[in-house]
Each structure stands twice: as C-alpha cells, then as structure tokens.
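Let me begin by presenting the structure, written as structure tokens, before commenting on it.
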Amino acid sequence: MKTPQRLALRGDLLDFTSTPGWAELDSPAVRFRPDHWLLIEDGRITGTQASEPDASWQREDHQGKLILPGFIDTHVHCPQLDVIGSYGTELLDWLNTYTFPAECRYADPAVAKRGAVRFLDALLAHGTTSAVVFPTVHKVSVEALFEAAGERGMRLITGKVLMDRHAPDGLRDDVLQAERDCIDLIDRFHAKERLAYAVTVRFAPTSTPEQLAMAGALCRADASLYMQTHVAENRSEVAWVAELFPTARSYLDVYALEGLLHERAVLAHGIWLDEEDKRQLAASGAQVAFCPSSNLFLGSGLFDWPAARAAGFQVSTASDVGGGTSLSMQRNLLDGYKVQALAGHRLTAWVALHGATRAAAEGLGLSREIGSFDAGTLADVCVWDWARGPVAEARHEVARELHEKVFAWMTLSDERNLVSAFVAGQPRYVRQSIVVPQH
Ligand code: GUN
Ligand code: ZN
C-alpha cells in the first residue's frame with residue numbers, strides 16, 4: 001500500500017463549527033486552536049493536535065501566524081479585472097460604458113486563456129481558494145476557466161453567461177445556440193474533479209423570456225446544476241425589470257416562475273427585496289451573495305443582513321469584482337462592516353468570516369469539502385500574518401480578547417498578509433520574500 005503524503009502546518013487555527021449568533025462576541029460557533037498542528041494526508045484534513053507530529057510528517061512551522069480555511073468568493077467576474085476601479089457610474093451605465101466592451105474581448109481564445117490564468121492566480125494570491133465565477137457569453141471563456149481551475153485543483157463553479165438581448169453586438173447569444181453550448185459544457189466539465197456547472201443568467205433584463213425558460217429547463221432536468229445571477233441590486237434596474245416583466249410579482253419572481261430559484265442558486269446583491277421575496281428565498285434554499293465593496297462603489301444600496309437572518313436565508317460574502325474594488329476578502333468584509341454600520345447594525349468578525357467560509361460552503365452544499373477544518377474536508381488552507389507594518393503590529397500587540405484581535409486583523413489586513421495558500425494540500429501560492437541585492 002502506498003504511504004500517504006503527510007503534511008502538518010503549525011499556527012493559530014481558526015474556523016467555525018456552526019453559525020455564530022448575530023452580534024455575539026463570545027460565540028460557541030468559533031473554533032480557535034492557538035498554536036496547533038493541522039494534519040493533512042493526501043490532500044485531506046485528518047485532524048489537529050497540540051503536540052508536534054513525528055518525522056513521518058512533513059512539517060511547516062508557522063508559529064505565530066493565523067491559519068484559516070481558504071476563502072470562498074461566491075460572486076466574482078473573471079473578465080472584469082480589466083475594469084476594476086472604473087470611475088463615475090451606477091450599475092446600468094457602468095455595464096454599458098466599461099463592462100460590456102471589456103467582455104467583448106473574451107471572444108478571442110487567447111484573451112480568454114490569459115484572462116482565466118491571471119484571474120485564478122490572483123484569487124489564490126488573495127487567499128481565495130474556491131469561487132463562483134461569471135465568465136462571459138463566449139464558450140471559450142468558460143472552457144478557459146474550467147481548464148485553468150482543473151490545472152490548479154481548485155473548486156470552481158461557473159457557466160456560460162446567457163444574454164440574448166439588451167447587450168451590444170459580439171455579446172449576445174440566441175436561445176438555441178446557447179442551449180447547445182450549455183449542454184456541451186455540462187457534459188465536459190460538470191461534476192468532473194472539483195468543477196461544477198452553473199446555469200448563468202446574467203440578469204433578467206439581458207435574457208428574453210424564452211431564454212429564461214430554457215435556463216429553467218436545464219435546472220429542472222438536472223438538480224445537481226448550480227444557478228447564478230444578479231437580483232435587486234439597483235433601483236433603476238429593479239424598475240426596468242418591472243417594465244420588462246409586467247406579470248411577475250417582483251424581480252425575484254421572474255426567476256422563481258422559470259424554476260431558477262432553488263437550493264443551488266446563488267443570487268448576487270438582493271438589496272431591494274420585499275418581505276415576500278425574502279420568504280420565497282428562505283423557502284427555496286437559495287443563497288444571497290452580499291457584495292459590499294461593489295454595493296458601495298456603484299452606489300447600489302445597503303444590504304440588510306439582520307433581515308436576511310430573520311427571514312432565514314443563507315448569506316455568503318463576495319467581491320463582485322469589477323463592480324467590487326478588491327479581490328481581498330478582508331477588504332470586502334471591512335466594507336461589509338461599514339455597510340451594516342450605516343444601517344445601525346454591527347457585523348462581528350465571526351459572522352463576517354463565517355460568511356466567507358463555512359456559510360458559503362453550506363449554501364453551495366459543499367461543507368463536506370470546503371469551508372472549515374472538519375476532518376475529511378479537502379485542505380484548502382491559507383496562512384496569514386496576524387499583522388504587517390507598524391500600525392497593525394501595535395494594534396495586534398494591545399488586543400486582549402480573541403474577537404478584538406480577529407476584528408483588528410479583518411480591518412487592517414489584506415492580501416499582503418498572505419503567507420501561503422494550499423489547495424487540496426498543495427502549495428499554490430507562496431509569498432516571495434524580497435531579496436535585497438548585495439553589492
Ligand atoms: N448586473 C448585471 N451584470 C452585472 C455585472 O456584471 N456586475 C454587477 N455588479 N451587476 C450586474
Ligand atoms: Zn456581479
């Protein structure tokens with residue numbers, strides 16, 4: 001029998017065993033094991049221990065560093081790295097002015113391949129090891145993403161963007177061709193290794209009712225498929241959907257009527273939902289991806305997380321780059337804190353980090369694979385500096401309570417704190433130390 005590959009990482013291990021209560025600073029859901037060894041065999045987590053494992057283990061000593069499950073970004077756009085930080089517009093103008101022209105370039109297979117590789121390596125360099133991703137309408141953009149994720153062993157959920165109206169030439173499909181492309185991509189990539197297909201409706205305004213019906217039929221035919229889209233992000237968008245779909249009760253209802261609202265659906269934003277929508281979301285088992293940096297940057301509005309809790313639907317956190325301004329999950333969580341603060345609520349580091357790890361995994365039905373250090377999960381693991389630079393270091397030194405330390409880390413850190421990222425136990429990002437040339 002082959003001897004297992006054994007890797008042990010030493011550091012301060014932090015993950016969640018369940019959902020932390022809202023505003024609960026001292027939560028039983030938090031599992032903090034300072035100065036422990038995380039044991040990984042053949043890419044899977046097998047346990048933890050306080051004592052140093054024996055020489056049958058390859059040991060990496062990160063004493064004094066923070067070790068977290070890799071982040072899961074539940075809503076991010078690969079081609080939009082090219083438009084991140086674009087000035088001066090709200091959603092609908094932003095799409096037409098910046099985003100659609102950038103996405104047109106992904107018709108070229110070379111652009112799509114280069115873009116996918118750069119994007120996934122950027123995710124890893126920000127501590128994000130799994131993602132639910134929008135490529136473009138072009139089949140090659142999906143192939144490029146799946147292939148690059150496969151090469152990196154990453155958990156990736158994506159699918160061809162469906163849009164057959166209200167988009168420029170070069171960025172529209174039609175129902176029949178789109179259906180053929182989806183079926184071919186599902187056959188080749190869905191449920192292969194760590195890849196899964198998401199029926200990807202850009203948003204209701206860019207699909208005809210016929211295309212939405214086709215998308216719904218794909219979901220009904222195979223309950224293992226994911227669905228991703230945008231919903232109720234911006235007030236002008238909501239008004240436009242009401243004009244385009246006069247018989248639907250609400251924006252969310254456009255999707256529900258076609259069978260697109262189900263357990264494996266990820267809907268980005270959900271800022272302007274009404275009470276009935278929230279009930280419907282909870283009953284469906286779908287999750288909402290809260291995208292705070294995007295919501296602030298595009299001036300979209302303030303997502304009400306406590307109301308989502310009260311209604312009982314799952315919320316995960318996401319960057320929504322390039323509407324969002326950073327792939328760094330910490331930066332997005334800090335923006336999430338500010339969004340909640342503007343509405344008079346307080347977001348704990350626990351609820352925020354749980355949203356970027358275990359909650360996202362649960363919402364995707366993947367908590368046996370990702371999102372925690374539970375034994376049996378794949379070892380998607382990131383090692384972080386607790387503090388970098390004099391300000392963060394001084395703050396870290398004086399922090400006494402665990403929540404205080406972790407909240408200061410979430411507030412003051414970013415991708416520069418990342419030491420290394422492992423995917424299924426393999427190092428996929430290792431920070432280069434700066435070598436000062438000797439003369
Ligand atoms: N709604 C439809 N498309 C998009 C997009 O690319 N980004 C965001 N933030 N919202 C959208
Ligand atoms: Zn988006």
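Chain labels follow the order of the structure tokens: the first chain is A, the next B, and so on; residue numbering restarts at 1 in every chain, and ligands are counted from 1 in their shown order.
Residues of protein, DNA or RNA lying at most 7 Å from ligand 2, when only C-alpha atoms and all ligand atoms are considered, are His75, Val76, His77, His230, Ala268, Asp320 and Gly323 of chain A.
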Just write the chosen residues, N, CA and C atoms, as a PDB file, in the first residue's frame.
```
ATOM      1  N   HIS A  75     -19.277  35.268  -5.610  1.00  0.00           N
ATOM      2  CA  HIS A  75     -19.737  36.034  -6.785  1.00  0.00           C
ATOM      3  C   HIS A  75     -18.626  36.961  -7.258  1.00  0.00           C
ATOM      4  N   VAL A  76     -18.050  36.615  -8.413  1.00  0.00           N
ATOM      5  CA  VAL A  76     -16.930  37.411  -8.935  1.00  0.00           C
ATOM      6  C   VAL A  76     -16.873  37.190 -10.446  1.00  0.00           C
ATOM      7  N   HIS A  77     -16.452  38.239 -11.163  1.00  0.00           N
ATOM      8  CA  HIS A  77     -16.440  38.200 -12.633  1.00  0.00           C
ATOM      9  C   HIS A  77     -15.000  38.154 -13.138  1.00  0.00           C
ATOM     10  N   HIS A 230     -27.835  37.857 -10.949  1.00  0.00           N
ATOM     11  CA  HIS A 230     -27.926  39.061 -10.117  1.00  0.00           C
ATOM     12  C   HIS A 230     -29.403  39.326  -9.832  1.00  0.00           C
ATOM     13  N   ALA A 268     -26.665  37.317  -6.541  1.00  0.00           N
ATOM     14  CA  ALA A 268     -25.837  38.402  -6.032  1.00  0.00           C
ATOM     15  C   ALA A 268     -26.695  39.614  -5.684  1.00  0.00           C
ATOM     16  N   ASP A 320     -17.579  40.520  -6.031  1.00  0.00           N
ATOM     17  CA  ASP A 320     -18.188  41.109  -7.235  1.00  0.00           C
ATOM     18  C   ASP A 320     -17.211  41.995  -8.003  1.00  0.00           C
ATOM     19  N   GLY A 323     -17.289  45.272 -10.260  1.00  0.00           N
ATOM     20  CA  GLY A 323     -18.066  46.280  -9.542  1.00  0.00           C
ATOM     21  C   GLY A 323     -17.433  46.483  -8.177  1.00  0.00           C
TER      22      GLY A 323
END
```
Next item on the list: Using DSSP on the backbone coordinates, identify all residues within region 54-207 of chain A classified as alpha helix (DSSP H); present the result as a PyMOL selection string.
Entry: chain A and resi 91-94+100-104+109-125+139-152+175-189
Next item on the list: Collect all residues with atoms no farther than 8 Å from ligand 1, counting only C-alpha atoms and all ligand atoms, and output them as a PyMOL selection string.
Entry: chain A and resi 77+80+91-92+95+99+202-203+229-231+233+268+294-295+298+320-324
Next item on the list: Please identify all polymer residues within 12 Å of Arg395 (chain A), counting only C-alpha atoms, omitting same-chain residues fewer than 6 positions from it, and present them as a list in words.
Entry: Trp386, Ala387, Arg388, Gly389, Glu404, Lys405, Val406, Phe407, Ala408, Trp409, Thr411, Leu412 and Ser413 of chain A
Excluding Arg264 (chain A) and its own-chain neighbours fewer than 5 positions away, which residues fall within 12 Å of it when counting only C-alpha atoms? Please give them as a CSV table (one decimal) with N, CA, C and O atoms, in the first residue's frame.
```
chain,number,residue,atom,x,y,z
A,74,THR,N,-18.2,33.9,-3.5
A,74,THR,CA,-19.4,33.3,-4.1
A,74,THR,C,-20.0,34.2,-5.3
A,74,THR,O,-21.0,33.8,-5.9
A,132,VAL,N,-17.3,31.1,-7.2
A,132,VAL,CA,-18.4,31.0,-8.1
A,132,VAL,C,-18.3,32.2,-9.1
A,132,VAL,O,-18.4,33.3,-8.6
A,157,ILE,N,-17.0,26.9,-9.7
A,157,ILE,CA,-18.3,26.8,-10.2
A,157,ILE,C,-18.5,28.0,-11.2
A,157,ILE,O,-18.4,29.1,-10.9
A,196,ALA,N,-17.9,22.4,-11.2
A,196,ALA,CA,-19.3,22.3,-11.4
A,196,ALA,C,-19.9,23.4,-12.3
A,196,ALA,O,-19.3,24.5,-12.3
A,197,TYR,N,-20.9,23.0,-13.0
A,197,TYR,CA,-21.5,24.0,-13.9
A,197,TYR,C,-22.7,24.8,-13.2
A,197,TYR,O,-23.5,24.2,-12.5
A,198,ALA,N,-22.7,26.0,-13.5
A,198,ALA,CA,-23.8,26.9,-13.1
A,198,ALA,C,-24.5,27.5,-14.3
A,198,ALA,O,-23.9,28.1,-15.1
A,199,VAL,N,-25.8,27.2,-14.4
A,199,VAL,CA,-26.6,27.9,-15.4
A,199,VAL,C,-26.5,29.4,-15.0
A,199,VAL,O,-26.8,29.8,-13.9
A,200,THR,N,-26.0,30.2,-15.9
A,200,THR,CA,-25.6,31.6,-15.6
A,200,THR,C,-26.4,32.6,-16.4
A,200,THR,O,-26.1,32.9,-17.5
A,219,CYS,N,-32.1,23.6,-15.5
A,219,CYS,CA,-32.1,23.3,-14.0
A,219,CYS,C,-33.0,22.2,-13.6
A,219,CYS,O,-32.7,21.4,-12.8
A,220,ARG,N,-34.2,22.2,-14.2
A,220,ARG,CA,-35.2,21.2,-13.8
A,220,ARG,C,-34.7,19.8,-14.2
A,220,ARG,O,-35.0,18.8,-13.6
A,222,ASP,N,-31.7,18.7,-14.3
A,222,ASP,CA,-30.5,18.1,-13.5
A,222,ASP,C,-30.4,19.0,-12.3
A,222,ASP,O,-29.8,20.1,-12.3
A,223,ALA,N,-30.8,18.4,-11.2
A,223,ALA,CA,-30.8,19.1,-9.9
A,223,ALA,C,-29.4,19.3,-9.3
A,223,ALA,O,-29.3,20.1,-8.3
A,224,SER,N,-28.4,18.7,-9.9
A,224,SER,CA,-27.1,18.9,-9.4
A,224,SER,C,-26.4,20.2,-10.0
A,224,SER,O,-25.3,20.6,-9.6
A,225,LEU,N,-27.1,20.8,-11.0
A,225,LEU,CA,-26.5,22.1,-11.5
A,225,LEU,C,-26.7,23.2,-10.6
A,225,LEU,O,-27.8,23.3,-9.9
A,226,TYR,N,-25.8,24.1,-10.6
A,226,TYR,CA,-25.9,25.4,-9.9
A,226,TYR,C,-26.6,26.4,-10.8
A,226,TYR,O,-26.8,26.2,-12.0
A,227,MET,N,-27.1,27.5,-10.2
A,227,MET,CA,-27.6,28.6,-11.0
A,227,MET,C,-27.0,29.9,-10.4
A,227,MET,O,-26.9,30.0,-9.1
A,228,GLN,N,-26.5,30.8,-11.2
A,228,GLN,CA,-26.1,32.1,-10.6
A,228,GLN,C,-26.6,33.2,-11.5
A,228,GLN,O,-26.8,33.1,-12.7
A,229,THR,N,-26.9,34.3,-10.7
A,229,THR,CA,-27.4,35.5,-11.4
A,229,THR,C,-27.3,36.7,-10.5
A,229,THR,O,-26.7,36.6,-9.4
A,259,GLY,N,-38.3,28.5,-12.6
A,259,GLY,CA,-37.7,27.3,-11.9
A,259,GLY,C,-36.2,27.6,-11.7
A,259,GLY,O,-35.4,26.6,-11.6
A,281,LEU,N,-37.2,33.3,-0.8
A,281,LEU,CA,-35.8,32.9,-0.8
A,281,LEU,C,-35.5,31.9,0.2
A,281,LEU,O,-34.8,30.9,0.0
A,284,SER,N,-36.8,28.5,-0.7
A,284,SER,CA,-36.1,27.9,-1.8
A,284,SER,C,-34.8,27.3,-1.4
A,284,SER,O,-34.3,26.4,-2.2
A,285,GLY,N,-34.2,27.7,-0.4
A,285,GLY,CA,-32.9,27.3,0.0
A,285,GLY,C,-31.8,27.9,-0.8
A,285,GLY,O,-30.6,27.6,-0.7
A,286,ALA,N,-32.1,28.9,-1.6
A,286,ALA,CA,-31.1,29.7,-2.4
A,286,ALA,C,-30.3,30.6,-1.4
A,286,ALA,O,-30.7,30.9,-0.3
A,287,GLN,N,-29.1,31.0,-1.9
A,287,GLN,CA,-28.3,31.9,-1.0
A,287,GLN,C,-28.1,33.2,-1.7
A,287,GLN,O,-28.1,33.3,-3.0
A,288,VAL,N,-27.9,34.3,-0.9
A,288,VAL,CA,-27.6,35.6,-1.5
A,288,VAL,C,-26.2,35.9,-1.2
A,288,VAL,O,-25.7,35.7,-0.1
A,314,GLN,N,-29.7,31.9,3.6
A,314,GLN,CA,-28.3,31.9,3.7
A,314,GLN,C,-27.7,33.1,3.0
A,314,GLN,O,-28.0,33.5,1.9
A,360,ALA,N,-20.7,30.0,3.1
A,360,ALA,CA,-20.7,29.9,1.7
A,360,ALA,C,-20.7,28.4,1.3
A,360,ALA,O,-21.4,28.0,0.3
A,361,ALA,N,-19.9,27.6,2.0
A,361,ALA,CA,-19.8,26.2,1.7
A,361,ALA,C,-21.2,25.5,1.9
A,361,ALA,O,-21.6,24.7,1.1
A,362,GLU,N,-21.8,25.8,3.0
A,362,GLU,CA,-23.1,25.2,3.3
A,362,GLU,C,-24.1,25.6,2.2
A,362,GLU,O,-24.9,24.8,1.7
A,363,GLY,N,-24.1,26.9,1.8
A,363,GLY,CA,-25.0,27.4,0.8
A,363,GLY,C,-24.9,26.7,-0.5
A,363,GLY,O,-25.8,26.5,-1.3
A,364,LEU,N,-23.6,26.3,-0.8
A,364,LEU,CA,-23.3,25.5,-2.1
A,364,LEU,C,-23.5,24.0,-1.9
A,364,LEU,O,-23.2,23.3,-2.9
A,365,GLY,N,-23.8,23.6,-0.7
A,365,GLY,CA,-23.9,22.1,-0.5
A,365,GLY,C,-22.6,21.5,-0.5
A,365,GLY,O,-22.4,20.3,-0.8
A,366,LEU,N,-21.5,22.2,-0.1
A,366,LEU,CA,-20.1,21.7,-0.2
A,366,LEU,C,-19.4,21.7,1.2
A,366,LEU,O,-18.2,21.7,1.2
```
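Separating CA of Ser319 (chain A) from CA of Asp73 (chain A) is a distance of 6.6 Å.
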